[in-house]
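*Asks:* Quick one: this structure, given as structure tokens, is what I'll be asking you about.
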Amino acid sequence: MLSLGLSIDGRHAAAVVVRDGRPVVGMHDESCSDVSGDVALPVRAVRTCLRHVGSPAEAFDAIVVAQKPLRAFERVLVTQLAAYPRNGRAFGHNVHDWLARRLWVRSRLAAELGVAPERVLFVDRHRALSTAAGWCSPFDEAAVLGVDTQGEWAAAAVSRWRDGAIERVVEVRHPHDLMHVAASAGAVLDLEPGEAVAALEMLARGGDGADFAADVEALVRSGDDGSFSLARELVRSVEPDGRASARVWRERWGEAGLADGRRHDFARGVVDGMSAALADLARTAAARTGATALCLAGDLADRPWLNAHLCALGAFEQVWSLPATSDGGAALGAALCGAQGDGAAPSAANGRSPDAPDVDWGLGPDLFESEADDEHGERDDVAWTRSELADDEAVIDELVRRLEQGALCGWARGRHPFTSAEQGTRCALARPADDQAGARLLAALRCTPWTALTLVLTAEEAERFVELPRGAGPLAVEGRIAAPVRASGDLDLTRFTAPDGTAPVRIVAVDADPLLHALLLRARAAWGAGVLLATPLTTPGRPLPASAGAVRERLARSTLDVLIADRSVFDRTASARSS
């Protein structure tokens, strides 16, 4: 049985194919266009998926979209009218966009895919996210907590995953949206909407939110039912960039109140308020579901410090995050729901069996499978030499040699990952040998100031260097937990932490990523510590590279010293380094 799931019009619109209850290929549209945040119907991603499975759209048993357009339009119309006429210009733009384009998803997709309109089905977005989280998790039974700003009326939801079925138990409805809190607070600090959460997290690590706590609590209120709500003045206008609501924060403290170092204190107050709201939902999830494991999905599932706060609650024995957050997770969930053809979650018979292997998140095309017709070519203003390595053993040897010399290395291999960030198959690496290693790596990729380096290490090294919160093991495997870091022996990893002494951590197991695990073991033998600094192989305005040409384009845009793509070594020439 073939099922195609899609998420539409989000910043990371995606398509996924599920065959006989197993995901076989998935792509974000931005990975096909190589433009980050490309907003459109995921037509290019759909074509890539269909080409990979070798079947036309007519052969699919279900084509499911992770959004109900009429319900989503109802939500947008009601919330926009509540803010009218203060948001007159934005109201006209949004309504026109829905009436001219977004309401007609069924006919647009049917025409693009060449199928009858009635073949295109819809599922509630939060249901799709919860289904993907439960189905892909390592748990037979769990609570699922999702926060997502797209979709219908639900802005956050708690569900119970059990026996292959999803049951919603708590729902927080728009406009009470934590992503709006982040966007409006970010607008006060002149942050771009897409970077607001990450930037607030990083700024908060160096601040004390005590002076802002009472006011944030008045704006982000805990409810008696274990949920939360936003104050009326904060939701008078719910534009995506949050700038209309930013004045609410400014009116309370004034521009002088947020000057200089107060930016960090303000960010800490906001992040603490968001953490408290998530904590309320997590406690409610534990009480209402009786589950001992928690699955995270949606916009906030990949935030290391927010996840650390949830683990610190102690409400769950284990906490895990869906690797494909937001749009990717919604598309996967839609495909899984379509496996039964009625919008329900897949049953144990049609979905994941208890002895099924872990999901392989390399769902995109292989790095070099389409090199001949790759449209993302090399820049001719950067010179490099290319050589070939014999096998994987030679790749590891070359990486260790370069890293030991202090080189900044890019490493790309295998199929494109269907995740929000990747420190494994699409990463840039540095040896933590001196105080400037982390800063040089981030500068080489022209990362924003809000990019956090991840410490990549084996479980044995984790015992030496980090203090994982209770229940954070599943999150550490995905690199989505921040933990206190300590010095050990001659290596002081605290040099690469946030001001509060914590850093995102990824623990690599040999069965999950044999090559990366082998690199860490070889590094330990070479210089005494199997620890690397890593960040995704991206540059501003570009997503994770999906093709060989896109990978080489990252080298050209960066100042990395060397790139190893599969078994090819791209080394900058001496003239290119000096320029």
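Following the order of the structure tokens, first chain is A, next is B, and so on, with residues numbered from 1 inside each chain and ligands from 1 in the order they appear.
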Determine, counting only C-alpha atoms, which protein, DNA and RNA residues have an atom within 12 Å of an atom of A:Gly364; residues of the same chain fewer than 3 positions away are not included. Present the result as number ranges by chain.
*Replies:* A: 14-17, 23-29, 31-32, 45-46, 48-53, 328, 360-361, 367-370, 413-419, 425, 544-547
*Asks:* Taking the DSSP assignment computed from this structure's backbone, write out as a short mmCIF file (atom, residue, chain, number, x, y, z; two decimals) with C-alpha atoms, in the first residue's frame all residues of stretch 54-245 of chain A that belong to helix (DSSP H, G or I).
*Replies:*
```
data_model
loop_
_atom_site.label_atom_id
_atom_site.label_comp_id
_atom_site.auth_asym_id
_atom_site.auth_seq_id
_atom_site.Cartn_x
_atom_site.Cartn_y
_atom_site.Cartn_z
CA ALA A 57 0.36 9.61 -8.28
CA GLU A 58 -2.51 7.53 -9.70
CA ALA A 59 -0.97 4.43 -8.15
CA PRO A 69 -8.10 24.33 4.76
CA LEU A 70 -11.64 25.43 5.66
CA ARG A 71 -11.00 25.02 9.39
CA ALA A 72 -7.64 26.79 9.09
CA PHE A 73 -9.27 29.66 7.18
CA GLU A 74 -11.97 29.89 9.83
CA ARG A 75 -9.30 30.28 12.50
CA VAL A 76 -7.40 32.92 10.52
CA LEU A 77 -10.59 34.86 9.74
CA VAL A 78 -11.86 34.89 13.33
CA THR A 79 -8.52 35.86 14.90
CA GLN A 80 -7.89 38.52 12.26
CA LEU A 81 -11.37 40.01 12.70
CA ALA A 82 -10.80 40.21 16.45
CA ALA A 83 -7.87 42.54 15.78
CA GLY A 88 -6.33 46.49 8.44
CA ARG A 89 -3.51 46.12 5.92
CA ALA A 90 -2.47 42.66 7.13
CA PHE A 91 -6.11 41.56 7.32
CA GLY A 92 -6.68 42.40 3.65
CA HIS A 93 -3.50 40.65 2.58
CA ASN A 94 -4.21 37.48 4.55
CA VAL A 95 -7.81 37.14 3.47
CA HIS A 96 -6.90 37.75 -0.18
CA ASP A 97 -4.16 35.11 0.04
CA TRP A 98 -6.60 32.53 1.39
CA LEU A 99 -9.39 33.32 -1.06
CA ALA A 100 -7.08 33.47 -4.07
CA ARG A 102 -4.80 28.62 -0.05
CA LEU A 103 -8.44 27.53 0.05
CA TRP A 104 -8.12 25.70 -3.26
CA VAL A 105 -5.46 23.19 -2.24
CA ARG A 106 -7.49 20.18 -3.38
CA SER A 107 -7.94 21.39 -6.95
CA ARG A 108 -4.38 22.70 -7.19
CA LEU A 109 -2.88 19.42 -6.00
CA ALA A 110 -5.22 17.34 -8.15
CA ALA A 111 -4.20 19.30 -11.25
CA GLU A 112 -0.50 19.03 -10.39
CA LEU A 113 -0.63 15.30 -9.66
CA PRO A 117 -9.91 15.98 -6.76
CA GLU A 118 -11.77 13.53 -4.51
CA ARG A 119 -8.54 11.53 -4.20
CA ARG A 125 -2.52 18.94 11.51
CA HIS A 126 -2.05 18.23 15.21
CA ARG A 127 -3.44 14.75 14.73
CA ALA A 128 -0.88 14.19 11.99
CA LEU A 129 1.95 15.44 14.20
CA SER A 130 0.84 13.33 17.16
CA THR A 131 0.49 10.24 14.99
CA ALA A 132 4.00 10.66 13.60
CA ALA A 133 5.44 11.21 17.07
CA GLY A 134 3.76 8.17 18.60
CA TRP A 135 4.41 5.88 15.64
CA CYS A 136 8.11 6.79 15.33
CA LEU A 178 3.59 30.12 22.35
CA MET A 179 5.18 30.76 18.97
CA HIS A 180 3.39 34.12 18.95
CA VAL A 181 4.96 34.86 22.34
CA ALA A 182 8.39 34.13 20.90
CA ALA A 183 7.75 36.14 17.71
CA SER A 184 6.48 39.22 19.56
CA ALA A 185 9.30 39.13 22.12
CA GLY A 186 11.78 38.58 19.31
CA ALA A 187 10.42 41.61 17.48
CA VAL A 188 11.25 43.74 20.54
CA PRO A 193 10.65 35.58 13.14
CA GLY A 194 12.37 32.40 11.96
CA GLU A 195 15.21 32.80 14.44
CA ALA A 196 13.26 34.16 17.42
CA VAL A 197 13.07 30.98 19.52
CA ALA A 198 16.72 29.98 19.01
CA ALA A 199 17.90 33.55 19.64
CA LEU A 200 15.81 33.93 22.79
CA GLU A 201 17.17 30.62 24.09
CA MET A 202 20.77 31.71 23.56
CA LEU A 203 20.28 35.21 24.98
CA ALA A 204 18.52 33.75 28.00
CA ALA A 210 13.70 37.78 37.93
CA ASP A 211 12.84 41.43 37.18
CA PHE A 212 10.61 40.39 34.26
CA ALA A 213 9.04 37.28 35.79
CA ALA A 214 5.90 38.90 37.19
CA ASP A 215 5.06 40.74 33.98
CA VAL A 216 5.71 37.68 31.81
CA GLU A 217 3.51 35.62 34.10
CA ALA A 218 0.75 38.21 33.67
CA LEU A 219 1.00 37.86 29.89
CA ARG A 232 -5.81 39.81 25.75
CA GLU A 233 -3.46 42.68 24.99
CA LEU A 234 -0.84 40.24 23.68
CA VAL A 235 -3.20 38.62 21.18
CA ARG A 243 5.72 43.21 15.45
CA ALA A 244 2.19 44.42 16.09
CA SER A 245 2.19 42.77 19.52
#
```
*Asks:* Fewer than 4 positions away in the same chain doesn't count, so skip those; otherwise give me all residues within 12 Å of A:Arg402, counting only C-alpha atoms, as a PDB file with all heavy atoms, in the first residue's frame.
*Replies:*
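File result-v4.pdb, as written:
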```
ATOM      1  N   VAL A 395      38.241   7.285   4.764  1.00  0.00           N
ATOM      2  CA  VAL A 395      37.520   8.519   5.106  1.00  0.00           C
ATOM      3  C   VAL A 395      37.765   8.890   6.562  1.00  0.00           C
ATOM      4  O   VAL A 395      38.064  10.047   6.890  1.00  0.00           O
ATOM      5  CB  VAL A 395      36.014   8.345   4.831  1.00  0.00           C
ATOM      6  CG1 VAL A 395      35.221   9.507   5.424  1.00  0.00           C
ATOM      7  CG2 VAL A 395      35.745   8.243   3.336  1.00  0.00           C
ATOM      8  N   ILE A 396      37.647   7.910   7.449  1.00  0.00           N
ATOM      9  CA  ILE A 396      37.874   8.170   8.866  1.00  0.00           C
ATOM     10  C   ILE A 396      39.319   8.617   9.105  1.00  0.00           C
ATOM     11  O   ILE A 396      39.577   9.584   9.850  1.00  0.00           O
ATOM     12  CB  ILE A 396      37.548   6.916   9.705  1.00  0.00           C
ATOM     13  CG1 ILE A 396      36.085   6.516   9.528  1.00  0.00           C
ATOM     14  CG2 ILE A 396      37.869   7.154  11.179  1.00  0.00           C
ATOM     15  CD1 ILE A 396      35.103   7.573   9.951  1.00  0.00           C
ATOM     16  N   ASP A 397      40.264   7.938   8.478  1.00  0.00           N
ATOM     17  CA  ASP A 397      41.673   8.311   8.632  1.00  0.00           C
ATOM     18  C   ASP A 397      41.916   9.750   8.185  1.00  0.00           C
ATOM     19  O   ASP A 397      42.628  10.515   8.850  1.00  0.00           O
ATOM     20  CB  ASP A 397      42.565   7.370   7.815  1.00  0.00           C
ATOM     21  CG  ASP A 397      42.657   5.984   8.416  1.00  0.00           C
ATOM     22  OD1 ASP A 397      42.363   5.837   9.619  1.00  0.00           O
ATOM     23  OD2 ASP A 397      43.005   5.033   7.676  1.00  0.00           O
ATOM     24  N   GLU A 398      41.315  10.118   7.042  1.00  0.00           N
ATOM     25  CA  GLU A 398      41.509  11.473   6.514  1.00  0.00           C
ATOM     26  C   GLU A 398      40.897  12.525   7.429  1.00  0.00           C
ATOM     27  O   GLU A 398      41.506  13.573   7.683  1.00  0.00           O
ATOM     28  CB  GLU A 398      40.915  11.564   5.111  1.00  0.00           C
ATOM     29  CG  GLU A 398      41.139  12.895   4.424  1.00  0.00           C
ATOM     30  CD  GLU A 398      42.589  13.134   4.031  1.00  0.00           C
ATOM     31  OE1 GLU A 398      43.408  12.187   4.124  1.00  0.00           O
ATOM     32  OE2 GLU A 398      42.906  14.268   3.639  1.00  0.00           O
ATOM     33  N   GLY A 406      44.039  20.764  13.010  1.00  0.00           N
ATOM     34  CA  GLY A 406      43.299  21.983  13.298  1.00  0.00           C
ATOM     35  C   GLY A 406      42.398  22.451  12.176  1.00  0.00           C
ATOM     36  O   GLY A 406      41.883  23.569  12.222  1.00  0.00           O
ATOM     37  N   ALA A 407      42.194  21.604  11.170  1.00  0.00           N
ATOM     38  CA  ALA A 407      41.349  21.990  10.042  1.00  0.00           C
ATOM     39  C   ALA A 407      39.873  21.992  10.440  1.00  0.00           C
ATOM     40  O   ALA A 407      39.447  21.254  11.338  1.00  0.00           O
ATOM     41  CB  ALA A 407      41.570  21.043   8.871  1.00  0.00           C
ATOM     42  N   LEU A 408      39.105  22.820   9.746  1.00  0.00           N
ATOM     43  CA  LEU A 408      37.645  22.828   9.867  1.00  0.00           C
ATOM     44  C   LEU A 408      37.103  21.987   8.715  1.00  0.00           C
ATOM     45  O   LEU A 408      37.338  22.304   7.548  1.00  0.00           O
ATOM     46  CB  LEU A 408      37.106  24.248   9.791  1.00  0.00           C
ATOM     47  CG  LEU A 408      37.685  25.232  10.820  1.00  0.00           C
ATOM     48  CD1 LEU A 408      37.127  26.637  10.578  1.00  0.00           C
ATOM     49  CD2 LEU A 408      37.402  24.782  12.238  1.00  0.00           C
ATOM     50  N   CYS A 409      36.389  20.926   9.051  1.00  0.00           N
ATOM     51  CA  CYS A 409      36.018  19.929   8.048  1.00  0.00           C
ATOM     52  C   CYS A 409      34.513  19.862   7.846  1.00  0.00           C
ATOM     53  O   CYS A 409      33.749  19.782   8.817  1.00  0.00           O
ATOM     54  CB  CYS A 409      36.507  18.540   8.466  1.00  0.00           C
ATOM     55  SG  CYS A 409      38.287  18.422   8.706  1.00  0.00           S
ATOM     56  N   GLY A 410      34.087  19.863   6.590  1.00  0.00           N
ATOM     57  CA  GLY A 410      32.711  19.537   6.255  1.00  0.00           C
ATOM     58  C   GLY A 410      32.621  18.060   5.914  1.00  0.00           C
ATOM     59  O   GLY A 410      33.556  17.501   5.322  1.00  0.00           O
ATOM     60  N   TRP A 411      31.499  17.423   6.281  1.00  0.00           N
ATOM     61  CA  TRP A 411      31.347  15.989   6.034  1.00  0.00           C
ATOM     62  C   TRP A 411      29.915  15.719   5.606  1.00  0.00           C
ATOM     63  O   TRP A 411      28.976  16.034   6.340  1.00  0.00           O
ATOM     64  CB  TRP A 411      31.697  15.189   7.282  1.00  0.00           C
ATOM     65  CG  TRP A 411      31.851  13.711   7.051  1.00  0.00           C
ATOM     66  CD1 TRP A 411      32.080  13.088   5.865  1.00  0.00           C
ATOM     67  CD2 TRP A 411      31.789  12.684   8.045  1.00  0.00           C
ATOM     68  NE1 TRP A 411      32.177  11.722   6.037  1.00  0.00           N
ATOM     69  CE2 TRP A 411      32.014  11.450   7.380  1.00  0.00           C
ATOM     70  CE3 TRP A 411      31.592  12.676   9.411  1.00  0.00           C
ATOM     71  CZ2 TRP A 411      32.017  10.230   8.054  1.00  0.00           C
ATOM     72  CZ3 TRP A 411      31.608  11.471  10.083  1.00  0.00           C
ATOM     73  CH2 TRP A 411      31.815  10.256   9.417  1.00  0.00           C
ATOM     74  N   LEU A 429      32.693  19.961  11.264  1.00  0.00           N
ATOM     75  CA  LEU A 429      33.332  19.452  12.469  1.00  0.00           C
ATOM     76  C   LEU A 429      34.614  20.213  12.780  1.00  0.00           C
ATOM     77  O   LEU A 429      35.308  20.697  11.881  1.00  0.00           O
ATOM     78  CB  LEU A 429      33.672  17.970  12.305  1.00  0.00           C
ATOM     79  CG  LEU A 429      32.514  17.011  11.999  1.00  0.00           C
ATOM     80  CD1 LEU A 429      33.054  15.649  11.609  1.00  0.00           C
ATOM     81  CD2 LEU A 429      31.587  16.904  13.206  1.00  0.00           C
ATOM     82  N   ALA A 430      34.916  20.297  14.077  1.00  0.00           N
ATOM     83  CA  ALA A 430      36.196  20.844  14.532  1.00  0.00           C
ATOM     84  C   ALA A 430      36.638  20.081  15.770  1.00  0.00           C
ATOM     85  O   ALA A 430      35.809  19.575  16.539  1.00  0.00           O
ATOM     86  CB  ALA A 430      36.081  22.333  14.834  1.00  0.00           C
ATOM     87  N   ARG A 431      37.935  20.003  15.955  1.00  0.00           N
ATOM     88  CA  ARG A 431      38.485  19.410  17.182  1.00  0.00           C
ATOM     89  C   ARG A 431      38.495  20.474  18.275  1.00  0.00           C
ATOM     90  O   ARG A 431      38.956  21.598  18.054  1.00  0.00           O
ATOM     91  CB  ARG A 431      39.903  18.919  16.914  1.00  0.00           C
ATOM     92  CG  ARG A 431      40.593  18.370  18.160  1.00  0.00           C
ATOM     93  CD  ARG A 431      42.053  18.093  17.888  1.00  0.00           C
ATOM     94  NE  ARG A 431      42.761  17.731  19.119  1.00  0.00           N
ATOM     95  CZ  ARG A 431      44.080  17.621  19.220  1.00  0.00           C
ATOM     96  NH1 ARG A 431      44.837  17.842  18.147  1.00  0.00           N
ATOM     97  NH2 ARG A 431      44.644  17.288  20.370  1.00  0.00           N
ATOM     98  N   ALA A 523      39.277   9.360  17.117  1.00  0.00           N
ATOM     99  CA  ALA A 523      39.706  10.629  17.702  1.00  0.00           C
ATOM    100  C   ALA A 523      40.208  10.428  19.127  1.00  0.00           C
ATOM    101  O   ALA A 523      41.219  11.022  19.535  1.00  0.00           O
ATOM    102  CB  ALA A 523      38.537  11.617  17.699  1.00  0.00           C
ATOM    103  N   ALA A 526      43.601   9.097  18.989  1.00  0.00           N
ATOM    104  CA  ALA A 526      44.585  10.038  18.438  1.00  0.00           C
ATOM    105  C   ALA A 526      44.944  11.138  19.429  1.00  0.00           C
ATOM    106  O   ALA A 526      46.124  11.486  19.569  1.00  0.00           O
ATOM    107  CB  ALA A 526      44.049  10.653  17.145  1.00  0.00           C
ATOM    108  N   LEU A 560      35.399  26.806   5.193  1.00  0.00           N
ATOM    109  CA  LEU A 560      35.881  25.511   5.640  1.00  0.00           C
ATOM    110  C   LEU A 560      37.158  25.152   4.892  1.00  0.00           C
ATOM    111  O   LEU A 560      37.338  25.517   3.726  1.00  0.00           O
ATOM    112  CB  LEU A 560      34.824  24.436   5.399  1.00  0.00           C
ATOM    113  CG  LEU A 560      33.528  24.527   6.208  1.00  0.00           C
ATOM    114  CD1 LEU A 560      32.531  23.497   5.716  1.00  0.00           C
ATOM    115  CD2 LEU A 560      33.788  24.362   7.701  1.00  0.00           C
ATOM    116  N   ASP A 561      38.026  24.411   5.558  1.00  0.00           N
ATOM    117  CA  ASP A 561      39.293  24.048   4.931  1.00  0.00           C
ATOM    118  C   ASP A 561      39.145  22.892   3.954  1.00  0.00           C
ATOM    119  O   ASP A 561      39.829  22.836   2.929  1.00  0.00           O
ATOM    120  CB  ASP A 561      40.314  23.665   6.007  1.00  0.00           C
ATOM    121  CG  ASP A 561      40.606  24.813   6.946  1.00  0.00           C
ATOM    122  OD1 ASP A 561      41.024  25.873   6.453  1.00  0.00           O
ATOM    123  OD2 ASP A 561      40.390  24.650   8.159  1.00  0.00           O
ATOM    124  N   VAL A 562      38.263  21.956   4.273  1.00  0.00           N
ATOM    125  CA  VAL A 562      38.128  20.762   3.450  1.00  0.00           C
ATOM    126  C   VAL A 562      36.705  20.240   3.570  1.00  0.00           C
ATOM    127  O   VAL A 562      36.037  20.439   4.595  1.00  0.00           O
ATOM    128  CB  VAL A 562      39.143  19.673   3.892  1.00  0.00           C
ATOM    129  CG1 VAL A 562      38.866  19.219   5.314  1.00  0.00           C
ATOM    130  CG2 VAL A 562      39.152  18.496   2.933  1.00  0.00           C
ATOM    131  N   LEU A 563      36.245  19.602   2.519  1.00  0.00           N
ATOM    132  CA  LEU A 563      34.940  18.963   2.520  1.00  0.00           C
ATOM    133  C   LEU A 563      35.104  17.534   2.029  1.00  0.00           C
ATOM    134  O   LEU A 563      35.688  17.291   0.969  1.00  0.00           O
ATOM    135  CB  LEU A 563      33.970  19.711   1.601  1.00  0.00           C
ATOM    136  CG  LEU A 563      32.648  19.008   1.296  1.00  0.00           C
ATOM    137  CD1 LEU A 563      31.760  18.964   2.532  1.00  0.00           C
ATOM    138  CD2 LEU A 563      31.924  19.700   0.149  1.00  0.00           C
ATOM    139  N   ILE A 564      34.593  16.591   2.806  1.00  0.00           N
ATOM    140  CA  ILE A 564      34.574  15.198   2.376  1.00  0.00           C
ATOM    141  C   ILE A 564      33.123  14.827   2.099  1.00  0.00           C
ATOM    142  O   ILE A 564      32.289  14.807   3.011  1.00  0.00           O
ATOM    143  CB  ILE A 564      35.190  14.266   3.433  1.00  0.00           C
ATOM    144  CG1 ILE A 564      36.663  14.625   3.639  1.00  0.00           C
ATOM    145  CG2 ILE A 564      35.048  12.808   3.018  1.00  0.00           C
ATOM    146  CD1 ILE A 564      37.381  13.742   4.631  1.00  0.00           C
ATOM    147  N   VAL A 569      37.208  14.054  -1.683  1.00  0.00           N
ATOM    148  CA  VAL A 569      37.793  15.094  -0.838  1.00  0.00           C
ATOM    149  C   VAL A 569      37.948  16.359  -1.673  1.00  0.00           C
ATOM    150  O   VAL A 569      38.637  16.365  -2.698  1.00  0.00           O
ATOM    151  CB  VAL A 569      39.173  14.663  -0.295  1.00  0.00           C
ATOM    152  CG1 VAL A 569      39.755  15.758   0.601  1.00  0.00           C
ATOM    153  CG2 VAL A 569      39.048  13.351   0.468  1.00  0.00           C
ATOM    154  N   ASP A 571      39.426  19.937  -1.473  1.00  0.00           N
ATOM    155  CA  ASP A 571      40.383  20.684  -0.663  1.00  0.00           C
ATOM    156  C   ASP A 571      40.613  22.046  -1.298  1.00  0.00           C
ATOM    157  O   ASP A 571      40.896  22.151  -2.495  1.00  0.00           O
ATOM    158  CB  ASP A 571      41.705  19.910  -0.589  1.00  0.00           C
ATOM    159  CG  ASP A 571      42.612  20.426   0.505  1.00  0.00           C
ATOM    160  OD1 ASP A 571      42.176  21.317   1.247  1.00  0.00           O
ATOM    161  OD2 ASP A 571      43.746  19.940   0.601  1.00  0.00           O
TER     162      ASP A 571
END
```
*Asks:* Leaving out A:Arg162 and any residue of its chain fewer than 4 positions from it, which residues lie within 9 Å of it when counting only C-alpha atoms, given as a PDB file with all heavy atoms, in the first residue's frame?
*Replies:*
```pdb
ATOM      1  N   GLY A 134       4.003   9.444  17.934  1.00  0.00           N
ATOM      2  CA  GLY A 134       3.760   8.170  18.595  1.00  0.00           C
ATOM      3  C   GLY A 134       4.284   6.992  17.805  1.00  0.00           C
ATOM      4  O   GLY A 134       4.935   6.088  18.347  1.00  0.00           O
ATOM      5  N   ASP A 140       5.819   1.995  23.393  1.00  0.00           N
ATOM      6  CA  ASP A 140       4.535   1.379  23.058  1.00  0.00           C
ATOM      7  C   ASP A 140       3.370   2.246  23.532  1.00  0.00           C
ATOM      8  O   ASP A 140       2.282   2.201  22.969  1.00  0.00           O
ATOM      9  CB  ASP A 140       4.425  -0.012  23.698  1.00  0.00           C
ATOM     10  CG  ASP A 140       5.446  -0.989  23.135  1.00  0.00           C
ATOM     11  OD1 ASP A 140       5.757  -0.868  21.935  1.00  0.00           O
ATOM     12  OD2 ASP A 140       5.930  -1.851  23.878  1.00  0.00           O
ATOM     13  N   GLU A 141       3.612   3.013  24.586  1.00  0.00           N
ATOM     14  CA  GLU A 141       2.586   3.902  25.134  1.00  0.00           C
ATOM     15  C   GLU A 141       3.269   5.169  25.615  1.00  0.00           C
ATOM     16  O   GLU A 141       4.328   5.118  26.252  1.00  0.00           O
ATOM     17  CB  GLU A 141       1.857   3.225  26.294  1.00  0.00           C
ATOM     18  CG  GLU A 141       0.769   4.078  26.920  1.00  0.00           C
ATOM     19  CD  GLU A 141       0.018   3.357  28.019  1.00  0.00           C
ATOM     20  OE1 GLU A 141       0.172   2.122  28.129  1.00  0.00           O
ATOM     21  OE2 GLU A 141      -0.717   4.026  28.764  1.00  0.00           O
ATOM     22  N   ALA A 142       2.696   6.325  25.313  1.00  0.00           N
ATOM     23  CA  ALA A 142       3.335   7.588  25.681  1.00  0.00           C
ATOM     24  C   ALA A 142       2.328   8.719  25.622  1.00  0.00           C
ATOM     25  O   ALA A 142       1.278   8.628  24.966  1.00  0.00           O
ATOM     26  CB  ALA A 142       4.504   7.893  24.744  1.00  0.00           C
ATOM     27  N   ALA A 143       2.649   9.802  26.324  1.00  0.00           N
ATOM     28  CA  ALA A 143       1.952  11.065  26.137  1.00  0.00           C
ATOM     29  C   ALA A 143       2.657  11.829  25.027  1.00  0.00           C
ATOM     30  O   ALA A 143       3.876  11.736  24.871  1.00  0.00           O
ATOM     31  CB  ALA A 143       1.972  11.883  27.424  1.00  0.00           C
ATOM     32  N   ILE A 166      -4.207   7.391  18.496  1.00  0.00           N
ATOM     33  CA  ILE A 166      -4.019   8.696  19.125  1.00  0.00           C
ATOM     34  C   ILE A 166      -5.355   9.196  19.673  1.00  0.00           C
ATOM     35  O   ILE A 166      -6.380   9.168  18.977  1.00  0.00           O
ATOM     36  CB  ILE A 166      -3.469   9.720  18.104  1.00  0.00           C
ATOM     37  CG1 ILE A 166      -1.970   9.493  17.897  1.00  0.00           C
ATOM     38  CG2 ILE A 166      -3.716  11.140  18.541  1.00  0.00           C
ATOM     39  CD1 ILE A 166      -1.103   9.882  19.091  1.00  0.00           C
ATOM     40  N   GLU A 167      -5.316   9.645  20.930  1.00  0.00           N
ATOM     41  CA  GLU A 167      -6.502  10.234  21.550  1.00  0.00           C
ATOM     42  C   GLU A 167      -6.116  11.577  22.159  1.00  0.00           C
ATOM     43  O   GLU A 167      -5.231  11.649  23.016  1.00  0.00           O
ATOM     44  CB  GLU A 167      -7.048   9.312  22.644  1.00  0.00           C
ATOM     45  CG  GLU A 167      -8.220   9.901  23.413  1.00  0.00           C
ATOM     46  CD  GLU A 167      -8.570   9.114  24.652  1.00  0.00           C
ATOM     47  OE1 GLU A 167      -7.908   8.078  24.907  1.00  0.00           O
ATOM     48  OE2 GLU A 167      -9.485   9.532  25.377  1.00  0.00           O
TER      49      GLU A 167
END
```
*Asks:* Distance atom CA of A:Gly164-atom CA of A:Ser420, one decimal place?
*Replies:*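 One can read the atom CA of A:Gly164 to atom CA of A:Ser420 distance as 24.9 Å.
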*Asks:* Ranking A:Arg250, A:Arg263, A:Arg173, A:Arg168 by minimum distance to A:Ser227 and counting only C-alpha atoms, which one comes first?
*Replies:*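 Of A:Arg250, A:Arg263, A:Arg173, A:Arg168, the one nearest A:Ser227 is A:Arg173, counting only C-alpha atoms.
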